[in-house]
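Trainee: Contents of work_4.txt (compact mmCIF, N, CA and C atoms):
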# COMPACT_ATOMS: atom_id res chain seq x y z
N MET A 147 -16.80 9.74 -8.12
CA MET A 147 -17.09 9.73 -6.71
C MET A 147 -18.60 9.87 -6.55
N ALA A 148 -19.18 9.10 -5.65
CA ALA A 148 -20.62 9.11 -5.45
C ALA A 148 -21.07 10.41 -4.79
N HIS A 149 -22.24 10.90 -5.21
CA HIS A 149 -22.79 12.12 -4.63
C HIS A 149 -23.44 11.78 -3.29
N ARG A 150 -23.10 12.52 -2.27
CA ARG A 150 -23.71 12.31 -0.95
C ARG A 150 -24.35 13.61 -0.49
N ASP A 151 -25.60 13.48 -0.06
CA ASP A 151 -26.31 14.64 0.47
C ASP A 151 -26.09 14.74 1.97
N PRO A 152 -26.21 15.94 2.50
CA PRO A 152 -26.06 16.08 3.95
C PRO A 152 -27.17 15.33 4.68
N PRO A 153 -26.93 14.93 5.93
CA PRO A 153 -27.93 14.18 6.66
C PRO A 153 -29.21 15.01 6.84
N GLY A 154 -30.35 14.34 6.86
CA GLY A 154 -31.61 15.01 7.04
C GLY A 154 -32.38 15.24 5.76
N ILE A 155 -31.74 15.05 4.63
CA ILE A 155 -32.44 15.21 3.36
C ILE A 155 -32.96 13.84 2.97
N ILE A 156 -34.29 13.74 2.88
CA ILE A 156 -34.88 12.43 2.56
C ILE A 156 -34.83 12.18 1.06
N ALA A 157 -35.29 13.14 0.30
CA ALA A 157 -35.28 12.99 -1.15
C ALA A 157 -34.48 14.14 -1.74
N PRO A 158 -33.41 13.86 -2.44
CA PRO A 158 -32.62 14.95 -2.99
C PRO A 158 -33.35 15.72 -4.08
N HIS A 159 -34.36 15.09 -4.74
CA HIS A 159 -35.04 15.80 -5.82
C HIS A 159 -36.46 15.25 -5.97
N ILE A 160 -37.44 16.16 -5.98
CA ILE A 160 -38.82 15.83 -6.31
C ILE A 160 -39.13 16.61 -7.58
N PRO A 161 -39.58 15.93 -8.61
CA PRO A 161 -39.87 16.65 -9.86
C PRO A 161 -40.88 17.77 -9.63
N ALA A 162 -40.70 18.87 -10.34
CA ALA A 162 -41.52 20.06 -10.14
C ALA A 162 -42.99 19.81 -10.42
N ASP A 163 -43.30 19.03 -11.46
CA ASP A 163 -44.72 18.79 -11.76
C ASP A 163 -45.39 17.97 -10.67
N VAL A 164 -44.69 17.04 -10.09
CA VAL A 164 -45.25 16.25 -8.98
C VAL A 164 -45.46 17.15 -7.77
N TYR A 165 -44.54 18.01 -7.49
CA TYR A 165 -44.66 18.90 -6.35
C TYR A 165 -45.83 19.87 -6.53
N ARG A 166 -45.94 20.45 -7.71
CA ARG A 166 -47.04 21.40 -7.97
C ARG A 166 -48.41 20.72 -7.93
N ARG A 167 -48.49 19.50 -8.48
CA ARG A 167 -49.76 18.77 -8.46
C ARG A 167 -50.15 18.44 -7.02
N ALA A 168 -49.19 18.03 -6.20
CA ALA A 168 -49.47 17.72 -4.80
C ALA A 168 -49.86 18.98 -4.04
N GLU A 169 -49.23 20.08 -4.38
CA GLU A 169 -49.55 21.34 -3.71
C GLU A 169 -50.95 21.82 -4.10
N ALA A 170 -51.32 21.65 -5.36
CA ALA A 170 -52.62 22.10 -5.84
C ALA A 170 -53.76 21.23 -5.32
N THR A 171 -53.56 19.93 -5.29
CA THR A 171 -54.64 19.01 -4.88
C THR A 171 -54.61 18.70 -3.40
N GLY A 172 -53.52 18.96 -2.71
CA GLY A 172 -53.42 18.66 -1.29
C GLY A 172 -53.05 17.21 -1.01
N GLN A 173 -52.75 16.46 -2.04
CA GLN A 173 -52.34 15.06 -1.85
C GLN A 173 -50.91 15.02 -1.34
N PRO A 174 -50.64 14.09 -0.45
CA PRO A 174 -49.26 13.98 0.03
C PRO A 174 -48.35 13.35 -1.02
N VAL A 175 -47.11 13.69 -0.94
CA VAL A 175 -46.09 13.08 -1.80
C VAL A 175 -45.45 11.96 -1.00
N VAL A 176 -45.52 10.76 -1.50
CA VAL A 176 -44.95 9.60 -0.82
C VAL A 176 -43.56 9.34 -1.36
N ILE A 177 -42.61 9.32 -0.47
CA ILE A 177 -41.22 9.07 -0.85
C ILE A 177 -40.82 7.74 -0.24
N VAL A 178 -40.37 6.82 -1.05
CA VAL A 178 -39.95 5.50 -0.59
C VAL A 178 -38.43 5.48 -0.55
N VAL A 179 -37.91 5.16 0.61
CA VAL A 179 -36.46 5.08 0.79
C VAL A 179 -36.10 3.64 1.10
N HIS A 180 -35.27 3.08 0.27
CA HIS A 180 -34.83 1.70 0.48
C HIS A 180 -33.53 1.71 1.28
N THR A 181 -33.56 1.06 2.41
CA THR A 181 -32.35 0.96 3.23
C THR A 181 -32.10 -0.50 3.56
N THR A 182 -30.86 -0.78 3.82
CA THR A 182 -30.50 -2.12 4.27
C THR A 182 -29.89 -1.98 5.66
N ASP A 183 -30.47 -2.66 6.61
CA ASP A 183 -29.95 -2.62 7.98
C ASP A 183 -28.84 -3.66 8.11
N GLN A 184 -27.79 -3.25 8.80
CA GLN A 184 -26.69 -4.17 9.02
C GLN A 184 -27.03 -5.09 10.19
N ASP A 185 -26.62 -6.33 10.08
CA ASP A 185 -26.81 -7.27 11.17
C ASP A 185 -25.60 -7.20 12.09
N GLY A 186 -25.82 -6.89 13.35
CA GLY A 186 -24.73 -6.84 14.30
C GLY A 186 -23.89 -5.58 14.17
N ARG A 187 -22.75 -5.61 14.81
CA ARG A 187 -21.84 -4.47 14.80
C ARG A 187 -20.78 -4.66 13.73
N PRO A 188 -20.29 -3.57 13.14
CA PRO A 188 -19.22 -3.70 12.15
C PRO A 188 -17.91 -4.20 12.80
N LEU A 189 -17.06 -4.72 11.98
CA LEU A 189 -15.80 -5.31 12.45
C LEU A 189 -14.92 -4.30 13.16
N ARG A 190 -14.94 -3.04 12.75
CA ARG A 190 -14.05 -2.05 13.36
C ARG A 190 -14.38 -1.80 14.82
N HIS A 191 -15.61 -2.09 15.25
CA HIS A 191 -15.95 -1.94 16.66
C HIS A 191 -15.24 -2.97 17.52
N TYR A 192 -14.92 -4.12 16.94
CA TYR A 192 -14.20 -5.16 17.67
C TYR A 192 -12.69 -5.06 17.46
N LEU A 193 -12.28 -4.57 16.32
CA LEU A 193 -10.87 -4.55 15.97
C LEU A 193 -10.07 -3.56 16.80
N PHE A 194 -10.63 -2.39 17.08
CA PHE A 194 -9.90 -1.35 17.82
C PHE A 194 -9.50 -1.81 19.23
N PRO A 195 -10.41 -2.38 20.05
CA PRO A 195 -9.97 -2.85 21.36
C PRO A 195 -8.96 -3.99 21.29
N ILE A 196 -9.08 -4.84 20.29
CA ILE A 196 -8.13 -5.95 20.16
C ILE A 196 -6.74 -5.42 19.82
N VAL A 197 -6.66 -4.40 18.97
CA VAL A 197 -5.37 -3.79 18.62
C VAL A 197 -4.75 -3.12 19.84
N ILE A 198 -5.56 -2.42 20.64
CA ILE A 198 -5.05 -1.75 21.84
C ILE A 198 -4.54 -2.80 22.83
N ALA A 199 -5.30 -3.87 23.04
CA ALA A 199 -4.88 -4.93 23.97
C ALA A 199 -3.59 -5.59 23.47
N GLY A 200 -3.50 -5.83 22.16
CA GLY A 200 -2.29 -6.44 21.60
C GLY A 200 -1.07 -5.56 21.79
N ALA A 201 -1.23 -4.26 21.62
CA ALA A 201 -0.11 -3.34 21.83
C ALA A 201 0.31 -3.34 23.30
N GLY A 202 -0.65 -3.43 24.20
CA GLY A 202 -0.32 -3.51 25.63
C GLY A 202 0.43 -4.78 25.96
N VAL A 203 0.01 -5.90 25.38
CA VAL A 203 0.69 -7.17 25.64
C VAL A 203 2.12 -7.13 25.13
N VAL A 204 2.31 -6.58 23.93
CA VAL A 204 3.67 -6.48 23.37
C VAL A 204 4.53 -5.58 24.24
N GLY A 205 3.95 -4.49 24.75
CA GLY A 205 4.71 -3.58 25.62
C GLY A 205 5.12 -4.24 26.92
N VAL A 206 4.20 -4.99 27.53
CA VAL A 206 4.53 -5.69 28.78
C VAL A 206 5.57 -6.77 28.52
N PHE A 207 5.44 -7.48 27.40
CA PHE A 207 6.43 -8.50 27.06
C PHE A 207 7.82 -7.88 26.89
N GLY A 208 7.90 -6.73 26.24
CA GLY A 208 9.19 -6.04 26.08
C GLY A 208 9.75 -5.58 27.41
N LEU A 209 8.88 -5.12 28.30
CA LEU A 209 9.32 -4.69 29.63
C LEU A 209 9.89 -5.87 30.42
N VAL A 210 9.22 -7.00 30.38
CA VAL A 210 9.71 -8.20 31.08
C VAL A 210 11.03 -8.67 30.48
N ALA A 211 11.14 -8.65 29.16
CA ALA A 211 12.38 -9.07 28.51
C ALA A 211 13.54 -8.15 28.90
N ALA A 212 13.29 -6.85 28.98
CA ALA A 212 14.34 -5.91 29.38
C ALA A 212 14.74 -6.15 30.84
N PHE A 213 13.77 -6.43 31.71
CA PHE A 213 14.07 -6.70 33.11
C PHE A 213 14.91 -7.97 33.26
N VAL A 214 14.57 -9.01 32.53
CA VAL A 214 15.34 -10.27 32.59
C VAL A 214 16.75 -10.04 32.06
N ALA A 215 16.90 -9.28 31.00
CA ALA A 215 18.24 -8.98 30.46
C ALA A 215 19.06 -8.19 31.48
N LEU A 216 18.42 -7.25 32.18
CA LEU A 216 19.12 -6.48 33.20
C LEU A 216 19.57 -7.37 34.36
N LEU A 217 18.69 -8.29 34.78
CA LEU A 217 19.07 -9.23 35.84
C LEU A 217 20.22 -10.12 35.39
N ASP A 218 20.17 -10.59 34.16
CA ASP A 218 21.25 -11.44 33.64
C ASP A 218 22.57 -10.68 33.65
N PHE A 219 22.55 -9.42 33.23
CA PHE A 219 23.76 -8.61 33.23
C PHE A 219 24.26 -8.40 34.66
N ALA A 220 23.35 -8.17 35.61
CA ALA A 220 23.76 -7.96 37.01
C ALA A 220 24.37 -9.22 37.60
N VAL A 221 23.81 -10.38 37.29
CA VAL A 221 24.37 -11.63 37.80
C VAL A 221 25.75 -11.88 37.22
N HIS A 222 25.93 -11.67 35.93
CA HIS A 222 27.25 -11.87 35.33
C HIS A 222 28.28 -10.89 35.90
N THR A 223 27.86 -9.66 36.17
CA THR A 223 28.76 -8.68 36.77
C THR A 223 29.14 -9.10 38.18
N ALA A 224 28.18 -9.58 38.96
CA ALA A 224 28.47 -10.02 40.32
C ALA A 224 29.40 -11.22 40.31
N ILE A 225 29.22 -12.13 39.39
CA ILE A 225 30.10 -13.30 39.29
C ILE A 225 31.52 -12.86 38.93
N ALA A 226 31.64 -11.94 37.99
CA ALA A 226 32.97 -11.47 37.58
C ALA A 226 33.67 -10.76 38.73
N ILE A 227 32.94 -9.92 39.47
CA ILE A 227 33.55 -9.21 40.60
C ILE A 227 33.90 -10.18 41.71
N GLY A 228 33.02 -11.15 41.96
CA GLY A 228 33.27 -12.12 43.02
C GLY A 228 34.46 -13.02 42.74
N SER A 229 34.67 -13.36 41.50
CA SER A 229 35.79 -14.23 41.17
C SER A 229 37.12 -13.49 41.27
N VAL A 230 37.13 -12.20 41.09
CA VAL A 230 38.35 -11.41 41.16
C VAL A 230 38.65 -10.96 42.59
N ALA A 231 37.61 -10.61 43.33
CA ALA A 231 37.81 -9.98 44.64
C ALA A 231 38.23 -10.96 45.72
N GLY A 232 37.78 -12.17 45.68
CA GLY A 232 38.09 -13.11 46.77
C GLY A 232 37.16 -12.85 47.94
N PRO A 233 37.62 -13.11 49.16
CA PRO A 233 36.75 -12.90 50.32
C PRO A 233 36.53 -11.41 50.60
N VAL A 234 35.29 -11.09 51.02
CA VAL A 234 34.93 -9.71 51.32
C VAL A 234 34.51 -9.66 52.78
N GLY A 235 35.06 -8.70 53.54
CA GLY A 235 34.72 -8.60 54.95
C GLY A 235 34.13 -7.24 55.28
N ILE A 236 33.06 -7.27 56.09
CA ILE A 236 32.42 -6.04 56.54
C ILE A 236 32.13 -6.21 58.03
N GLY A 237 32.75 -5.40 58.87
CA GLY A 237 32.46 -5.42 60.30
C GLY A 237 32.74 -6.74 60.98
N GLY A 238 33.76 -7.43 60.59
CA GLY A 238 34.12 -8.69 61.22
C GLY A 238 33.48 -9.90 60.58
N ILE A 239 32.57 -9.71 59.64
CA ILE A 239 31.94 -10.83 58.93
C ILE A 239 32.60 -10.94 57.58
N THR A 240 33.12 -12.10 57.28
CA THR A 240 33.80 -12.30 56.00
C THR A 240 32.98 -13.25 55.15
N LEU A 241 32.78 -12.86 53.94
CA LEU A 241 32.05 -13.70 52.99
C LEU A 241 32.99 -14.12 51.88
N LYS A 242 32.94 -15.39 51.57
CA LYS A 242 33.72 -15.89 50.45
C LYS A 242 32.78 -15.91 49.24
N LEU A 243 33.03 -15.07 48.25
CA LEU A 243 32.13 -14.89 47.13
C LEU A 243 32.23 -15.96 46.07
N SER A 244 33.34 -16.66 46.00
CA SER A 244 33.46 -17.70 44.98
C SER A 244 34.30 -18.85 45.51
N ARG A 245 34.13 -19.99 44.87
CA ARG A 245 34.92 -21.17 45.25
C ARG A 245 36.32 -21.06 44.68
N PRO A 246 37.25 -21.67 45.38
CA PRO A 246 38.63 -21.62 44.83
C PRO A 246 38.72 -22.45 43.55
N LYS A 247 39.64 -22.05 42.70
CA LYS A 247 39.87 -22.79 41.46
C LYS A 247 40.76 -23.96 41.77
N ASP A 248 40.27 -25.15 41.47
CA ASP A 248 41.08 -26.35 41.73
C ASP A 248 41.59 -26.95 40.46
As structure tokens - that is how I would like this structure written.
Mentor:
Amino acid sequence: MAHRDPPGIIAPHIPADVYRRAEATGQPVVIVVHTTDQDGRPLRHYLFPIVIAGAGVVGVFGLVAAFVALLDFAVHTAIAIGSVAGPVGIGGITLKLSRPKD
């Protein structure tokens, strides 16, 4: 496993003789740090919102599918009740729920 220093440490080690010579002469110690800057944003910055949006779309699709299945069940139930019941009257108004079987 690679050794990682806590943030803020520029050089994990300066040799003692270099440090003492710089301290005695007053010369600065130059530390060169090679870094590579990334171009643009990493993929995970784009992937997280896309995953959340995809989960929302799948959830809405499931909700619509369940609603359509419920409507289909309600229509089949109404057809079955209407075919058995015959005419239905409420307050002097009679409705014929299904056509006669010929």
Trainee: Between atom C of Leu216 (chain A) and CA of Gly202 (chain A), measure the distance and give it in Å to one decimal.
Mentor: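 So the two atoms, atom C of Leu216 (chain A) and CA of Gly202 (chain A), lie 22.1 Å apart.
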Trainee: One decimal, Å: what's the distance from atom C of Val164 (chain A) over to atom N of Ile177 (chain A), could you say?
Mentor: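 Atom C of Val164 (chain A) sits 11.1 Å away from atom N of Ile177 (chain A).
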Trainee: One number please: CA of Leu193 (chain A) to CA of Val206 (chain A), in Å, one decimal.
Mentor: 20.1 Å
Trainee: Could you find all residues in region 182-243 of chain A that DSSP calls strand (DSSP E) from the backbone, and write them as a list of chain:residue names?
Mentor: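 Restricting region 182-243 of chain A to strand (DSSP E) produces A:Pro233, A:Val234, A:Gly235, A:Ile236, A:Ile239, A:Thr240, A:Leu241, A:Lys242.
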